[in-house]
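A.B. asks: Here it is: the structure, laid out below.
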Amino acid sequence: MIKVKKRKVLLLPGDGIGPEVTKEVRKIIEWFNKNKSLDFEIDEDLAGGASYDKHGTPITDEVFYKALESEVVILGAVGGPKWDNLEFSKKPERALLKLRKELKLFANLRPAICFKQLVDASSLKPEIVSGLDIMIVRELTGGIYFGEPRGIKPIDKGERKGINTHTYTTSEIVRVAKVAFDLAKKRANKVTSCEKSNVMEAGQLWKEEVQALHDKEYKDVELNHMLADNCAMQLLRNPKQFDVIVTDNLFGDMLSDQASMLTGSLGLLPSASLGAKNKNGEMRAMYEPIHGAAPDIAGKGIANPIATILSFAMALKYSLDLDKDAEGLEKAVQSVLDDGLRTKDILTKGMKEVSTTEMGDAIISKLK
Ligand code: NAD
């Protein structure tokens with residue numbers, strides 16, 4: 001079998017259930033190495049609380065440079081009560097924020113897909129969510145979470161003032177909107193851009209720049225503008241009207257959480273954070289499940305590995321241009337669900353309960 005060039009993958013399992021679900025992804029990558037003409041070079045290291053316990057920091061410089069040199073970073077999850085009282089700069093979550101910021105991962109992609117086999121897991125009526133397939137593109141490195149000035153300042157007579165600043169520039173808006181338009185072209189060709197242009201100047205600029213980019217480069221894609229509060233409502237009323245939603249950091253944080261819950265379980269949803277392409281067309285990227293470290297079930301062997309496995313499928317698609325292999329992996333997941341295998345979080349009557357490892361093995365057995 002002729003092997004193509006080595007592709008560097010860095011696994012950062014993290015804390016809680018992170019190592020359990022990442023182990024299943026490792027098995028899948030090893031399957032690809034053995035059975036396909038692919039050559040993944042897998043490295044694994046500490047991040048989050050596990051790194052703090054060993055090195056006194058949530059991410060060492062060495063691991064950070066490894067991430068810089070890897071084509072794909074897959075992060076399990078970080079955090080847990082053990083580290084809750086650490087000072088801010090030592091908290092496990094700082095590892096995540098540092099990677100996002102320093103790798104300049106400005107576009108966060110969060111699909112909300114409702115698997116037909118799991119339609120009953122949603123709190124909405126089956127007819128509203130069945131077949132749902134939305135992609136939310138959230139701007140990740142700008143807006144109110146990063147804007148200056150910020151802080152808490154004393155004012156008069158014991159009063160204090162909390163300040164955060166919401167700013168966006170043309171280039172910040174255009175680069176994330178491009179990601180959304182390009183994605184839409186591979187999907188249902190429709191983008192909904194959300195802001196609050198009725199009350200915020202930065203929202204007005206967002207709307208104008210997205211429209212200008214559309215008129216210049218993406219006339220063939222359908223574009224709608226929607227106020228973010230209306231979008232929150234429409235996501236519950238008629239979510240299937242959306243294909244790709246693009247929005248800023250703050251609104252994206254909330255809308256993507258809301259959309260993910262339409263699908264029923266945290267254990268199923270992947271995400272990707274993408275940076276800019278360099279002149280060789282290479283892109284920095286990190287892939288992670290949307291769930292956290294789930295300390296309540298850590299070590300019990302019952303965590304659902306599907307979100308992390310589908311995060312690797314996103315890596316195959318967006319970082320490595322291996323769309324067919326990504327689809328193969330997604331189909332393997334569907335097929336296992338068709339067979340009625342379920343981890344505890346998605347177990348319903350008549351289905352067979354399996355452990356984290358059994359779910360990983362079952363998915364591998366379906367790969368072709
Ligand atoms: P969580 O996502 O860890 O857990 C919420 C609930 O969902 C829990 O009941 C958990 O058991 C369940 N759950 C989550 N993932 C699951 C899976 N794969 N399979 C089965 N059940 C699953 O959120 P939380 O409880 O708010 O946070 C726990 C810790 O994780 C905190 O320290 C938090 O800061 C951290 N966290 C990390 C990330 C990240 O690393 N990206 C994201 C969110 C929270």
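Scheme for the structure tokens: letters A, B, ... for chains in order shown; per-chain residue numbers from 1; ligand numbers from 1 in order shown.
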Throw together the list of residues within 10 Å of ligand 1, counting only C-alpha atoms and all ligand atoms, and drop it here as an MDAnalysis selection string.

C.D. replies: chainID A and resid 13:18 20:21 47:49 75:84 91:97 265:269 271 287:298 301:308 343:346 356

A.B. asks: So which residues of range 304-367 of chain A fall under helix (DSSP H, G or I) by DSSP, listed as a PyMOL selection string?

C.D. replies: chain A and resi 306-318+323-338+344-346+356-366

A.B. asks: Which residue gives the smallest distance to Met261 in chain A among A:Ile74, A:Ala177, A:Met226, A:Leu124, with only C-alpha atoms counted?

C.D. replies: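 Using only C-alpha atoms, the shortest distance to Met261 in chain A belongs to A:Leu124.
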
A.B. asks: Of the residues A:Asp323, A:Glu24, A:Glu30, A:Asp248, which is the one nearest to Ile144 in chain A, using only C-alpha atoms?

C.D. replies: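 So, comparing all the options, the nearest one is A:Asp248.
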
A.B. asks: If we count only C-alpha atoms and set the cut-off at 10 Å, which residues sit around range 211-221 of chain A, ignoring sequence neighbours fewer than 6 positions away in its own chain? Please answer as a list in words.

C.D. replies: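 Selected residues are Ile173, Val174, Arg175, Ala177, Lys178, Phe181, Asp182, Ala184, Lys185, Ala188, Asn189, Lys190, Val191, Ser193 and Leu205 of chain A.
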
A.B. asks: Could you write out, as a ChimeraX atom specification, all the residues of range 80-281 of chain A that DSSP marks as strand (DSSP E)?

C.D. replies: /A:107-113,133-139,147-154,160-165,190-195,222-227,244-247,270-277

A.B. asks: Measuring atom to atom with only C-alpha atoms, identify which of A:Gly56, A:Gly252, A:Gly203, A:Gly281 is nearest to Tyr145 in chain A.

C.D. replies: A:Gly252

A.B. asks: For Met286 in chain A, work out the shell of residues within 12 Å, counting only C-alpha atoms and skipping chain neighbours fewer than 3 positions away, then give it as a PyMOL selection string.

C.D. replies: chain A and resi 9-12+67-68+70-76+96-109+270-275+283+289+308+311-312+314-316+318-319

A.B. asks: Keeping only C-alpha atoms, write those residues as an mmCIF file, in the first residue's frame.

C.D. replies:
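File produced: part-v3.cif:
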data_model
loop_
_atom_site.group_PDB
_atom_site.id
_atom_site.type_symbol
_atom_site.label_atom_id
_atom_site.label_comp_id
_atom_site.auth_asym_id
_atom_site.auth_seq_id
_atom_site.Cartn_x
_atom_site.Cartn_y
_atom_site.Cartn_z
ATOM 1 C CA VAL A 9 -1.951 14.728 15.005
ATOM 2 C CA LEU A 10 -1.592 15.881 18.594
ATOM 3 C CA LEU A 11 -3.963 14.349 21.138
ATOM 4 C CA LEU A 12 -4.545 16.317 24.330
ATOM 5 C CA ALA A 67 0.377 22.159 18.974
ATOM 6 C CA LEU A 68 1.852 24.867 16.751
ATOM 7 C CA SER A 70 0.689 19.814 14.373
ATOM 8 C CA GLU A 71 -1.745 19.808 11.485
ATOM 9 C CA VAL A 72 -4.516 18.689 13.788
ATOM 10 C CA VAL A 73 -4.982 19.100 17.541
ATOM 11 C CA ILE A 74 -7.679 17.007 19.196
ATOM 12 C CA LEU A 75 -8.604 18.025 22.703
ATOM 13 C CA GLY A 76 -10.733 15.805 24.972
ATOM 14 C CA LEU A 96 -7.933 25.889 25.992
ATOM 15 C CA LEU A 97 -8.060 29.678 25.821
ATOM 16 C CA LYS A 98 -4.317 29.925 25.213
ATOM 17 C CA LEU A 99 -4.482 27.429 22.344
ATOM 18 C CA ARG A 100 -7.459 29.196 20.750
ATOM 19 C CA LYS A 101 -5.861 32.615 21.111
ATOM 20 C CA GLU A 102 -2.251 31.858 20.216
ATOM 21 C CA LEU A 103 -3.128 29.573 17.302
ATOM 22 C CA LYS A 104 -5.419 32.445 16.154
ATOM 23 C CA LEU A 105 -8.407 30.138 15.761
ATOM 24 C CA PHE A 106 -10.958 32.741 14.744
ATOM 25 C CA ALA A 107 -13.774 30.534 13.412
ATOM 26 C CA ASN A 108 -15.584 28.092 15.637
ATOM 27 C CA LEU A 109 -17.747 25.598 13.755
ATOM 28 C CA PRO A 270 -18.267 17.785 17.751
ATOM 29 C CA SER A 271 -16.689 21.164 17.063
ATOM 30 C CA ALA A 272 -13.834 22.652 15.104
ATOM 31 C CA SER A 273 -11.885 25.857 15.650
ATOM 32 C CA LEU A 274 -10.121 27.000 12.509
ATOM 33 C CA GLY A 275 -7.415 29.573 11.865
ATOM 34 C CA MET A 283 -4.324 25.831 8.368
ATOM 35 C CA PRO A 289 -16.260 17.670 21.595
ATOM 36 C CA THR A 308 -14.907 13.188 20.043
ATOM 37 C CA SER A 311 -14.569 15.791 15.980
ATOM 38 C CA PHE A 312 -11.923 13.635 14.302
ATOM 39 C CA MET A 314 -14.357 17.084 11.118
ATOM 40 C CA ALA A 315 -10.544 17.097 11.185
ATOM 41 C CA LEU A 316 -10.483 14.661 8.269
ATOM 42 C CA TYR A 318 -11.559 20.475 7.180
ATOM 43 C CA SER A 319 -7.834 20.046 7.899
#

A.B. asks: At what distance in Å, to one decimal, does CA of Asp45 in chain A lie from CA of Thr60 in chain A?

C.D. replies: 9.9 Å

A.B. asks: Show which residues sit within 12 Å of Lys27 in chain A, as a PyMOL selection string. Count only C-alpha atoms, and ignore same-chain residues fewer than 5 positions away.

C.D. replies: chain A and resi 11+20-22+32-34+40+42+305+309+312+357-365+367

A.B. asks: Would you compute the distance between CA of Asp53 in chain A and CA of Asp253 in chain A? Give it in Å to one decimal.

C.D. replies: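 It comes out at 29.5 Å.
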
A.B. asks: Separation of CA of Asn280 in chain A and CA of Val63 in chain A, in Å?

C.D. replies: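 Atom-to-atom, CA of Asn280 in chain A to CA of Val63 in chain A, that is 23.8 Å.
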
A.B. asks: Between A:Asn198, A:Asn164, A:Gln334, A:Thr247, which has the minimum distance to Val176 in chain A (counting only C-alpha atoms)?

C.D. replies: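 Checking each candidate against Val176 in chain A, we get A:Thr247 as the closest.
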